[in-house]
Each structure stands twice: as C-alpha cells, then as structure tokens.
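Here's the structure, in structure tokens; my notes come after.
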Amino acid sequence: MWRRAVSACGEAEMPSPRGLPFIGTVLDIFAAGGTSRLHEYVDARHRQLGPVYRESIGPVKCVFVSDPSEMRRVFSLEGKCPRHLQPDPWVLYNKMYGCKRGLFFMDGEEWLRFRRTMNTLMLRPDSGDAVVKPIDTVADELVARWARKYSGDELPRLDRELYRWAIDIMMAVLTGDKYLKHRLELEDVVDRFASVVHLIFEESARLSLIPAKMAAFLKIPAWKNFVSAIDEAISLAHDLTTRMIPECQNGEGLLGAILAEGIEDKDVIRIVADLFIGAGDTTANSTQWILYLLARNPNLQEELHVELQKVYGCDEVAQLPLLRGVVKEALRLYPTAPFLTRYLPQDNLIGGYHVPAGDLILLSIYTSGRDEKNFPKPNEFWPHRWTRDSDGNYKGVSNCFASLPFSMGARSCIGRKIADLQMTLTTAKVIQRFKMELIEKKSIDMTLRLVPVPSRPVRLRLTER
Ligand code: HEM
C-alpha cells in the first residue's frame with residue numbers, strides 16, 4: 001500500500017523513489033536488467049509506489065500512470081494537437097541532417113493538417129475495404145511459400161520472414177495492383193529495406209540510456225551504426241516511394257489516394273517513408289508473439305480452425321470473435337509500445353497530484369494490461385476473455401481501457417486498421433493451412449528493444465493439415 005505525503009504548502013506530493021544527485025535512479029535500472037527490462041522495473045515501482053508516481057529515467061523527469069481512468073483523463077486533456085515523446089536519437093538525427101519526417105515527428109498545426117487528411121484515408125469506416133485485397137494476396141503468398149519450403153520442417157528465422165511480410169504488405173497497400181505486378185523487380189530492394197528497418201530499432205534501443213548528444217559528440221559505435229541504418233532506410237523508402245509515385249498517379253492504392261489529395265510530392269515521400277518505418281517492427285513483432293502463443297496452445301489452434309471453417313469472405317474472417325480475441329490478447333500481454341507518452345499543454349491534477357504543463361507523462365500499459373483488477377488471471381493467455389457472454393459483456397475483462405495497444409485519442413496509431421487486418425487475416429491463413437508446434441518448449445521471455453521482442457528465437461515447426 002502506498003501512502004500519500006503532503007508537502008509544506010498542503011499539496012499532496014507525488015510518490016517518488018529516492019535517487020542519487022545528477023543520475024537519479026539509473027543504477028537501480030541497470031541493477032534490474034537495464035532498459036531491456038524497463039517494463040518490469042516500472043511495474044515493480046507501481047506496486048511499490050502506486051498507480052501514479054514520479055521518477056527520473058536517466059536525464060528525463062517522468063510521471064508514470066497505470067490507472068485506466070487516470071490514463072483516459074490524460075487523453076481527455078491532451079488538447080487539439082497532442083504531443084508525444086519522440087526518441088532523442090531520432091530527433092537529433094533529424095536536426096543534424098536537416099531531415100523532414102512524417103506524422104510521428106510532426107507537431108502543432110503541421111501535424112493537424114496532414115493527420116486530418118490521413119485520417120480520412122486510413123481510418124474512416126470503409127477504409128478497410130481497399131486494403132483487404134492486397135493484404136489477402138500477400139498473406140496467401142506467405143503461407144504458400146512456407147508450405148513449399150518448410151512444410152514438416154523448422155521455419156528458420158521467423159522474425160526475418162515477418163519483417164519482409166510487413167514491408168511487402170505496406171508496399172501492396174500503398175500501390176495496390178501495381179506493386180503486385182512489379183514485385184519481382186523490387187524484391188532485392190524490399191529485402192534490404194526489411195533488414196535495415198530491423199537494424200534501426202536494434203541500434204536505437206542501444207542508445208536509450210545515453211543522452212543522444214553525448215553519443216553523437218563522442219561518435220560512439222552505437223551512434224554511428226544508428227546513423228548509417230537510418231540513412232539507408234530513409235533513402236530506400238524515398239527511392240521506393242519516388243519510383244511508385246508515377247505508377248499511382250491514376251489513384252491506385254493508398255499512395256494514389258494520398259496523391260489525389262493534392263499533397264506535394266516531397267511531403268508524400270516523407271509521410272510514406274515513415275509509414276513504412278512505423279509498419280515494420282510493430283506488426284512483425286506482434287505477429288511473432290501471436291504465432292508463438294498459438295504454437296504453445298494446440299487445442300486453441302483446433303478451436304480456431306473450427307471457427308474458420310464456418311466463414312468464407314475476408315470481412316467475415318476479420319470479425320471472428322475467437323480470432324479477434326487471440327490478436328487482442330497477444331497485444332495485451334506484449335504491447336508494442338509498453339509506455340504511451342504525452343506532454344499536456346496545461347497544469348493538471350493526475351491521480352490527485354499536481355503535474356505541471358510540459359512534464360513527460362508515461363502511461364504504463366504493460367502494467368495496466370497485466371493488473372488483475374482489470375483482467376482476471378492477468379498473466380494467462382486466455383483469448384476467450386475477449387468473447388462476450390449472453391449479456392453482451394466480455395467474459396474476462398473488467399476494464400477494456402486498461403489495454404490500449406494502439407493508444408487513444410487524436411494521436412492514436414494511424415495504421416491500426418491496416419495492422420489489425422493484416423494480423424487477423426494472416427493468422428487465419430496460417431491456422432487454415434498448418435498445425436504449429438514449438439521446437440523448444442521452454443517459455444520465452446519478453447525483452448524490450450524499443451518494442452517487446454522474444455528474448456530468444458521463436459522456433460516453429462509447421463505441418464500441413
Ligand atoms: C501491431 C501493430 C501496431 C501497433 C501496436 C502500433 C501502435 C502505435 C502506437 C502506440 C502509436 C503511438 C500513438 C500515440 O502517441 O498515442 C503509433 C503511432 C503511429 N503508428 Fe502505429 N502501430 C502499429 C502498426 C502501424 C502500422 C501498420 C502503421 C502504418 C501503416 C503505423 C503507423 C503509425 C504512425 C505513422 C504513427 C504516428 C501517428 C501520429 O503521430 O499522428 N503503425 N502506433
């Protein structure tokens with residue numbers, strides 16, 4: 001239990017761990033396993049200090065929040081142009097090399113203008129229709145390739161397979177039929193791009209506890225590697241987008257729709273380049289967790305297989321309750337962004353504590369997603385919890401706002417419809433075609449490399465049904 005202290009002026013003082021001058025609690029974080037285990041470190045702090053507490057992580061002063069109603073309050077106070085944390089190394093890179101970036105790195109009126117246009121293209125109710133076909137085609141090809149090459153055997157390097165698949169889907173969504181026709185000529189570029197996006201996340205995770213300016217000034221290897229990976233990714237993304245723009249001038253795919261909005265080519269290129277980067281690590285890793293969790297549960301695979309036999313169209317598949325439960329449950333246990341971030345435009349009370357405008361607030365969704373107040377049997381993979389009982393209530397969810405993998409509010413993930421469709425349709429096709437089993441049965445831990453990744457490779461054996 002935590003106790004609320006009161007300051008000399010009578011205001012409740014936010015709980016906070018003791019730290020050393022200048023370095024705060026960095027040594028505690030290292031002792032707990034470093035940034036790769038930050039989710040567990042913060043989880044333990046919430047248990048010790050309560051649902052709202054303050055701590056300096058390296059040089060950054062942070063307020064952590066794990067209570068779902070306080071999290072919703074933060075979103076309700078975020079203002080017209082919400083601001084989130086942009087990783088230090090990326091911001092410094094953009095500044096040093098004069099690089100103009102896409103939505104994630106925009107702020108204020110510029111962000112609002114582009115975001116409104118992209119919302120109408122990517123999030124309106126019928127926006128899923130245009131992306132179903134390209135996603136379905138790429139997913140079909142993935143399972144056909146796996147059947148041809150790995151049936152009865154181990155699927156080597158699942159992570160690479162899924163990176164490639166994620167970039168392939170993004171290309172197909174952006175350019176529709178055009179990409180599907182030009183796929184072979186672009187194969188090498190797409191392969192290279194998939195590896196470089198992977199590398200960016202690895203390298204920027206290495207920089208997370210060192211101030212970026214210091215890393216750049218000292219030119220440490222992690223900084224040099226980060227710069228070269230990001231240089232290459234941005235130039236490949238620019239190259240791919242520039243090549244596809246003339247092909248899509250007549251309105252093909254999402255790229256054609258963006259061009260039809262009259263956005264200048266230079267802005268289209270930076271927005272699209274960042275869609276690629278945003279789409280790579282996120283869906284690839286989430287799908288890796290989905291397949292891992294299913295491979296551990298043969299009975300669930302069979303139950304899903306039965307559910308899938310009753311439907312034919314992609315739209316129906318994407319709505320199947322158990323399949324949806326599997327995806328939601330994997331994202332609850334392994335949220336791609338274990339912390340959502342906001343800077344509020346005004347002073348506010350959060351959890352009864354004063355939080356000045358501009359303080360960094362981190363919403364601990366790893367903790368809220370595994371809190372038994374919100375989810376009974378919180379550490380269990382139980383997809384049925386997301387199915388409904390006869391009164392229409394979720395069977396095992398006490399507070400659905402406690403799991404927010406795509407965030408909430410005006411700045412939530414712009415790619416969530418695409419991501420959702422690609423994960424559900426691909427999982428469905430894998431289950432329809434194969435039985436999966438794990439080659440190493442020991443359970444796999446989650447480690448943070450900006451996004452949660454398996455601590456060792458997921459080794460799957462696929463057997464055709
Ligand atoms: C499992 C898949 C995914 C997850 C869990 C995920 C999650 C997130 C989260 C948590 C944010 C931050 C929102 C905030 O600050 O409140 C975000 C932003 C963003 N995501 Fe995703 N994402 C996924 C897939 C994708 C895909 C496929 C794309 C591209 C098509 C994408 C593009 C973006 C962009 C551009 C932003 C920045 C939006 C802005 O600042 O306005 N994401 N995503």
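Every chain in the structure tokens has a letter given in the order shown (A, B, ...), and although residue numbers restart at 1 in each chain, ligands are simply numbered from 1 in the order shown.
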
I want to know what sits within 7 Å of A:Ser286, based on only C-alpha atoms, with residues of the same chain fewer than 4 positions away left out; could you give that as a ChimeraX atom specification? /A:282,290,331,336

Please save N, CA and C atoms of the selected residues as a CSV table (one decimal), in the first residue's frame.
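Once everything was written out, this is part_4.csv:
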chain,number,residue,atom,x,y,z
A,282,THR,N,6.5,-3.1,-35.8
A,282,THR,CA,5.2,-3.2,-34.9
A,282,THR,C,4.5,-4.5,-35.3
A,290,ILE,N,1.9,-13.6,-31.6
A,290,ILE,CA,0.7,-14.3,-31.9
A,290,ILE,C,1.0,-15.8,-32.2
A,331,LEU,N,-1.7,-8.7,-27.9
A,331,LEU,CA,-1.3,-7.3,-27.8
A,331,LEU,C,-1.4,-6.8,-26.3
A,336,THR,N,3.1,-3.5,-28.2
A,336,THR,CA,4.2,-2.9,-29.0
A,336,THR,C,4.8,-1.7,-28.4

As JSON, numbers by chain, please: the residues near stretch 301-303 of chain A (cut-off 12 Å, only C-alpha atoms, same-chain neighbours under 6 positions excluded). {"A": [290, 291, 292, 293, 294, 295, 309, 310, 320, 321, 322, 323, 326, 383, 384, 427, 428, 429, 430, 431, 432, 433, 434, 435, 436, 437, 465]}

Contacts of chain A with ligand 1 up to 8 Å, shortest pair per row, only C-alpha atoms and all ligand atoms, as JSON lines:
{"residue": "A:Arg83", "atom": "CA", "partner": "ligand 1", "partner_atom_place_in_ligand_line": "15 (O)", "distance": 7.5}
{"residue": "A:His84", "atom": "CA", "partner": "ligand 1", "partner_atom_place_in_ligand_line": "15 (O)", "distance": 5.2}
{"residue": "A:Leu85", "atom": "CA", "partner": "ligand 1", "partner_atom_place_in_ligand_line": "15 (O)", "distance": 7.5}
{"residue": "A:Gly102", "atom": "CA", "partner": "ligand 1", "partner_atom_place_in_ligand_line": "35 (C)", "distance": 6.9}
{"residue": "A:Leu103", "atom": "CA", "partner": "ligand 1", "partner_atom_place_in_ligand_line": "39 (C)", "distance": 4.8}
{"residue": "A:Phe104", "atom": "CA", "partner": "ligand 1", "partner_atom_place_in_ligand_line": "40 (O)", "distance": 3.6}
{"residue": "A:Phe105", "atom": "CA", "partner": "ligand 1", "partner_atom_place_in_ligand_line": "40 (O)", "distance": 6.6}
{"residue": "A:Met106", "atom": "CA", "partner": "ligand 1", "partner_atom_place_in_ligand_line": "40 (O)", "distance": 7.0}
{"residue": "A:Trp111", "atom": "CA", "partner": "ligand 1", "partner_atom_place_in_ligand_line": "41 (O)", "distance": 7.0}
{"residue": "A:Arg115", "atom": "CA", "partner": "ligand 1", "partner_atom_place_in_ligand_line": "41 (O)", "distance": 6.0}
{"residue": "A:Ala166", "atom": "CA", "partner": "ligand 1", "partner_atom_place_in_ligand_line": "27 (C)", "distance": 7.8}
{"residue": "A:Met170", "atom": "CA", "partner": "ligand 1", "partner_atom_place_in_ligand_line": "30 (C)", "distance": 6.7}
{"residue": "A:Ile271", "atom": "CA", "partner": "ligand 1", "partner_atom_place_in_ligand_line": "35 (C)", "distance": 7.6}
{"residue": "A:Asp274", "atom": "CA", "partner": "ligand 1", "partner_atom_place_in_ligand_line": "35 (C)", "distance": 6.1}
{"residue": "A:Leu275", "atom": "CA", "partner": "ligand 1", "partner_atom_place_in_ligand_line": "29 (C)", "distance": 4.4}
{"residue": "A:Phe276", "atom": "CA", "partner": "ligand 1", "partner_atom_place_in_ligand_line": "29 (C)", "distance": 6.2}
{"residue": "A:Ile277", "atom": "CA", "partner": "ligand 1", "partner_atom_place_in_ligand_line": "29 (C)", "distance": 7.7}
{"residue": "A:Gly278", "atom": "CA", "partner": "ligand 1", "partner_atom_place_in_ligand_line": "32 (C)", "distance": 4.4}
{"residue": "A:Ala279", "atom": "CA", "partner": "ligand 1", "partner_atom_place_in_ligand_line": "26 (C)", "distance": 3.8}
{"residue": "A:Gly280", "atom": "CA", "partner": "ligand 1", "partner_atom_place_in_ligand_line": "27 (C)", "distance": 7.1}
{"residue": "A:Thr282", "atom": "CA", "partner": "ligand 1", "partner_atom_place_in_ligand_line": "2 (C)", "distance": 4.5}
{"residue": "A:Thr283", "atom": "CA", "partner": "ligand 1", "partner_atom_place_in_ligand_line": "1 (C)", "distance": 4.1}
{"residue": "A:Ala284", "atom": "CA", "partner": "ligand 1", "partner_atom_place_in_ligand_line": "1 (C)", "distance": 7.6}
{"residue": "A:Asn285", "atom": "CA", "partner": "ligand 1", "partner_atom_place_in_ligand_line": "1 (C)", "distance": 7.6}
{"residue": "A:Ser286", "atom": "CA", "partner": "ligand 1", "partner_atom_place_in_ligand_line": "1 (C)", "distance": 5.4}
{"residue": "A:Thr287", "atom": "CA", "partner": "ligand 1", "partner_atom_place_in_ligand_line": "1 (C)", "distance": 7.6}
{"residue": "A:Leu331", "atom": "CA", "partner": "ligand 1", "partner_atom_place_in_ligand_line": "5 (C)", "distance": 7.0}
{"residue": "A:Pro335", "atom": "CA", "partner": "ligand 1", "partner_atom_place_in_ligand_line": "5 (C)", "distance": 6.4}
{"residue": "A:Thr336", "atom": "CA", "partner": "ligand 1", "partner_atom_place_in_ligand_line": "5 (C)", "distance": 4.7}
{"residue": "A:Ala337", "atom": "CA", "partner": "ligand 1", "partner_atom_place_in_ligand_line": "10 (C)", "distance": 5.1}
{"residue": "A:Phe339", "atom": "CA", "partner": "ligand 1", "partner_atom_place_in_ligand_line": "10 (C)", "distance": 8.0}
{"residue": "A:Leu340", "atom": "CA", "partner": "ligand 1", "partner_atom_place_in_ligand_line": "16 (O)", "distance": 5.9}
{"residue": "A:Thr341", "atom": "CA", "partner": "ligand 1", "partner_atom_place_in_ligand_line": "15 (O)", "distance": 6.0}
{"residue": "A:Arg342", "atom": "CA", "partner": "ligand 1", "partner_atom_place_in_ligand_line": "15 (O)", "distance": 7.1}
{"residue": "A:Leu404", "atom": "CA", "partner": "ligand 1", "partner_atom_place_in_ligand_line": "10 (C)", "distance": 7.7}
{"residue": "A:Pro405", "atom": "CA", "partner": "ligand 1", "partner_atom_place_in_ligand_line": "5 (C)", "distance": 4.9}
{"residue": "A:Phe406", "atom": "CA", "partner": "ligand 1", "partner_atom_place_in_ligand_line": "7 (C)", "distance": 4.2}
{"residue": "A:Ser407", "atom": "CA", "partner": "ligand 1", "partner_atom_place_in_ligand_line": "16 (O)", "distance": 4.7}
{"residue": "A:Met408", "atom": "CA", "partner": "ligand 1", "partner_atom_place_in_ligand_line": "16 (O)", "distance": 6.0}
{"residue": "A:Gly409", "atom": "CA", "partner": "ligand 1", "partner_atom_place_in_ligand_line": "16 (O)", "distance": 7.2}
{"residue": "A:Ala410", "atom": "CA", "partner": "ligand 1", "partner_atom_place_in_ligand_line": "41 (O)", "distance": 7.6}
{"residue": "A:Arg411", "atom": "CA", "partner": "ligand 1", "partner_atom_place_in_ligand_line": "41 (O)", "distance": 4.7}
{"residue": "A:Ser412", "atom": "CA", "partner": "ligand 1", "partner_atom_place_in_ligand_line": "13 (C)", "distance": 4.1}
{"residue": "A:Cys413", "atom": "CA", "partner": "ligand 1", "partner_atom_place_in_ligand_line": "17 (C)", "distance": 3.7}
{"residue": "A:Ile414", "atom": "CA", "partner": "ligand 1", "partner_atom_place_in_ligand_line": "33 (C)", "distance": 5.0}
{"residue": "A:Gly415", "atom": "CA", "partner": "ligand 1", "partner_atom_place_in_ligand_line": "28 (C)", "distance": 3.6}
{"residue": "A:Arg416", "atom": "CA", "partner": "ligand 1", "partner_atom_place_in_ligand_line": "24 (C)", "distance": 5.6}
{"residue": "A:Lys417", "atom": "CA", "partner": "ligand 1", "partner_atom_place_in_ligand_line": "27 (C)", "distance": 7.9}
{"residue": "A:Ile418", "atom": "CA", "partner": "ligand 1", "partner_atom_place_in_ligand_line": "27 (C)", "distance": 5.6}
{"residue": "A:Ala419", "atom": "CA", "partner": "ligand 1", "partner_atom_place_in_ligand_line": "27 (C)", "distance": 4.5}
{"residue": "A:Asp420", "atom": "CA", "partner": "ligand 1", "partner_atom_place_in_ligand_line": "1 (C)", "distance": 7.0}
{"residue": "A:Met423", "atom": "CA", "partner": "ligand 1", "partner_atom_place_in_ligand_line": "1 (C)", "distance": 7.7}

Restrict the selected residues to C-alpha atoms and save them as a PDB file, in the first residue's frame.
ATOM      1  CA  ARG A  83       2.377  15.898 -28.214  1.00  0.00           C
ATOM      2  CA  HIS A  84       4.144  12.616 -27.558  1.00  0.00           C
ATOM      3  CA  LEU A  85       7.765  11.698 -26.860  1.00  0.00           C
ATOM      4  CA  GLY A 102       6.382  12.009 -41.329  1.00  0.00           C
ATOM      5  CA  LEU A 103       3.428  12.154 -38.919  1.00  0.00           C
ATOM      6  CA  PHE A 104       5.133  10.690 -35.845  1.00  0.00           C
ATOM      7  CA  PHE A 105       7.694  13.521 -35.863  1.00  0.00           C
ATOM      8  CA  MET A 106       5.376  16.403 -36.724  1.00  0.00           C
ATOM      9  CA  TRP A 111       0.695  17.668 -37.776  1.00  0.00           C
ATOM     10  CA  ARG A 115      -3.184  13.992 -39.847  1.00  0.00           C
ATOM     11  CA  ALA A 166       5.228  -6.493 -43.085  1.00  0.00           C
ATOM     12  CA  MET A 170       2.855  -1.971 -46.845  1.00  0.00           C
ATOM     13  CA  ILE A 271       4.843  10.700 -44.853  1.00  0.00           C
ATOM     14  CA  ASP A 274       7.580   6.933 -42.126  1.00  0.00           C
ATOM     15  CA  LEU A 275       4.538   4.725 -42.694  1.00  0.00           C
ATOM     16  CA  PHE A 276       6.998   2.047 -43.797  1.00  0.00           C
ATOM     17  CA  ILE A 277       9.177   2.519 -40.742  1.00  0.00           C
ATOM     18  CA  GLY A 278       6.111   2.591 -38.426  1.00  0.00           C
ATOM     19  CA  ALA A 279       4.710  -0.546 -40.018  1.00  0.00           C
ATOM     20  CA  GLY A 280       7.825  -2.740 -39.921  1.00  0.00           C
ATOM     21  CA  THR A 282       5.247  -3.225 -34.936  1.00  0.00           C
ATOM     22  CA  THR A 283       3.208  -5.762 -36.886  1.00  0.00           C
ATOM     23  CA  ALA A 284       6.164  -8.126 -37.425  1.00  0.00           C
ATOM     24  CA  ASN A 285       6.819  -8.483 -33.700  1.00  0.00           C
ATOM     25  CA  SER A 286       3.170  -8.598 -32.675  1.00  0.00           C
ATOM     26  CA  THR A 287       2.576 -11.389 -35.195  1.00  0.00           C
ATOM     27  CA  LEU A 331      -1.286  -7.255 -27.776  1.00  0.00           C
ATOM     28  CA  PRO A 335       2.054  -4.338 -26.167  1.00  0.00           C
ATOM     29  CA  THR A 336       4.197  -2.941 -28.985  1.00  0.00           C
ATOM     30  CA  ALA A 337       4.521   0.317 -27.063  1.00  0.00           C
ATOM     31  CA  PHE A 339       4.528   3.041 -22.491  1.00  0.00           C
ATOM     32  CA  LEU A 340       2.359   5.634 -24.229  1.00  0.00           C
ATOM     33  CA  THR A 341       3.543   9.196 -23.796  1.00  0.00           C
ATOM     34  CA  ARG A 342       2.038  12.666 -23.611  1.00  0.00           C
ATOM     35  CA  LEU A 404      -4.569   0.268 -25.304  1.00  0.00           C
ATOM     36  CA  PRO A 405      -2.049  -1.190 -27.777  1.00  0.00           C
ATOM     37  CA  PHE A 406      -2.864   1.401 -30.456  1.00  0.00           C
ATOM     38  CA  SER A 407      -3.184   4.239 -27.907  1.00  0.00           C
ATOM     39  CA  MET A 408      -6.245   6.509 -27.759  1.00  0.00           C
ATOM     40  CA  GLY A 409      -7.434   9.920 -28.851  1.00  0.00           C
ATOM     41  CA  ALA A 410      -6.461  12.165 -31.741  1.00  0.00           C
ATOM     42  CA  ARG A 411      -2.884  10.913 -31.953  1.00  0.00           C
ATOM     43  CA  SER A 412      -3.555   7.180 -31.722  1.00  0.00           C
ATOM     44  CA  CYS A 413      -1.979   4.851 -34.293  1.00  0.00           C
ATOM     45  CA  ILE A 414      -2.938   5.841 -37.841  1.00  0.00           C
ATOM     46  CA  GLY A 415      -2.095   2.339 -39.125  1.00  0.00           C
ATOM     47  CA  ARG A 416      -4.325   0.417 -36.723  1.00  0.00           C
ATOM     48  CA  LYS A 417      -6.886  -0.722 -39.311  1.00  0.00           C
ATOM     49  CA  ILE A 418      -4.192  -1.987 -41.649  1.00  0.00           C
ATOM     50  CA  ALA A 419      -2.336  -3.652 -38.766  1.00  0.00           C
ATOM     51  CA  ASP A 420      -5.474  -5.283 -37.425  1.00  0.00           C
ATOM     52  CA  MET A 423      -2.638  -9.720 -38.286  1.00  0.00           C
TER      53      MET A 423
END

Write out as a PyMOL selection string each polymer residue whose atoms come within 9 Å of A:Ala260, counting only C-alpha atoms; drop sequence neighbours fewer than 5 positions from it. chain A and resi 249-251+255

Give me, as a list in words, all polymer residues having an atom no more than 9 Å from A:Gly358, counting only C-alpha atoms and skipping those fewer than 2 positions away in the same chain. Arg342, Tyr343, Leu344, Pro345, Gln346, Asp347, Val355, Pro356, Leu360 and Ile361 of chain A

A:Leu155, A:Val131, A:Ala32, A:Val42 ranked by distance to A:Pro17, top pick (using only C-alpha atoms):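 Ranked by minimum distance to A:Pro17, first place goes to A:Val42.
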
Residue neighbourhood A:Ala205, 12 Å, only C-alpha atoms, exclusion window fewer than 2 positions, as a PyMOL selection string: chain A and resi 34-38+87-90+198-203+207-210+212+222-223+225-226+447-453

Could you please take those selected residues and save C-alpha atoms as a compact mmCIF listing (two decimals), in the first residue's frame?
# COMPACT_ATOMS: atom_id res chain seq x y z
CA GLY A 34 18.70 -2.16 -17.92
CA THR A 35 16.32 -0.71 -20.48
CA SER A 36 15.53 -4.14 -21.93
CA ARG A 37 13.62 -4.84 -18.70
CA LEU A 38 12.22 -1.34 -18.14
CA PRO A 87 13.01 9.36 -29.24
CA ASP A 88 16.05 11.53 -28.59
CA PRO A 89 18.42 9.92 -31.14
CA TRP A 90 15.84 10.30 -33.93
CA HIS A 198 15.02 -4.11 -38.23
CA LEU A 199 18.52 -2.72 -37.67
CA ILE A 200 17.25 0.80 -36.86
CA PHE A 201 15.24 -0.47 -33.93
CA GLU A 202 18.14 -2.53 -32.67
CA GLU A 203 20.58 0.37 -32.86
CA LEU A 207 21.22 4.38 -27.40
CA SER A 208 18.30 4.62 -24.99
CA LEU A 209 20.17 5.33 -21.71
CA ILE A 210 22.86 7.62 -23.12
CA ALA A 212 21.95 11.29 -27.78
CA ALA A 222 26.10 2.69 -31.48
CA TRP A 223 25.54 6.26 -32.75
CA ASN A 225 25.55 2.43 -36.65
CA PHE A 226 22.23 4.14 -35.90
CA THR A 447 12.73 -8.15 -23.71
CA LEU A 448 12.48 -4.51 -24.80
CA ARG A 449 14.30 -3.37 -27.90
CA LEU A 450 12.11 -0.27 -28.22
CA VAL A 451 9.32 -2.77 -28.88
CA PRO A 452 8.90 -6.05 -26.96
CA VAL A 453 10.74 -8.85 -28.74
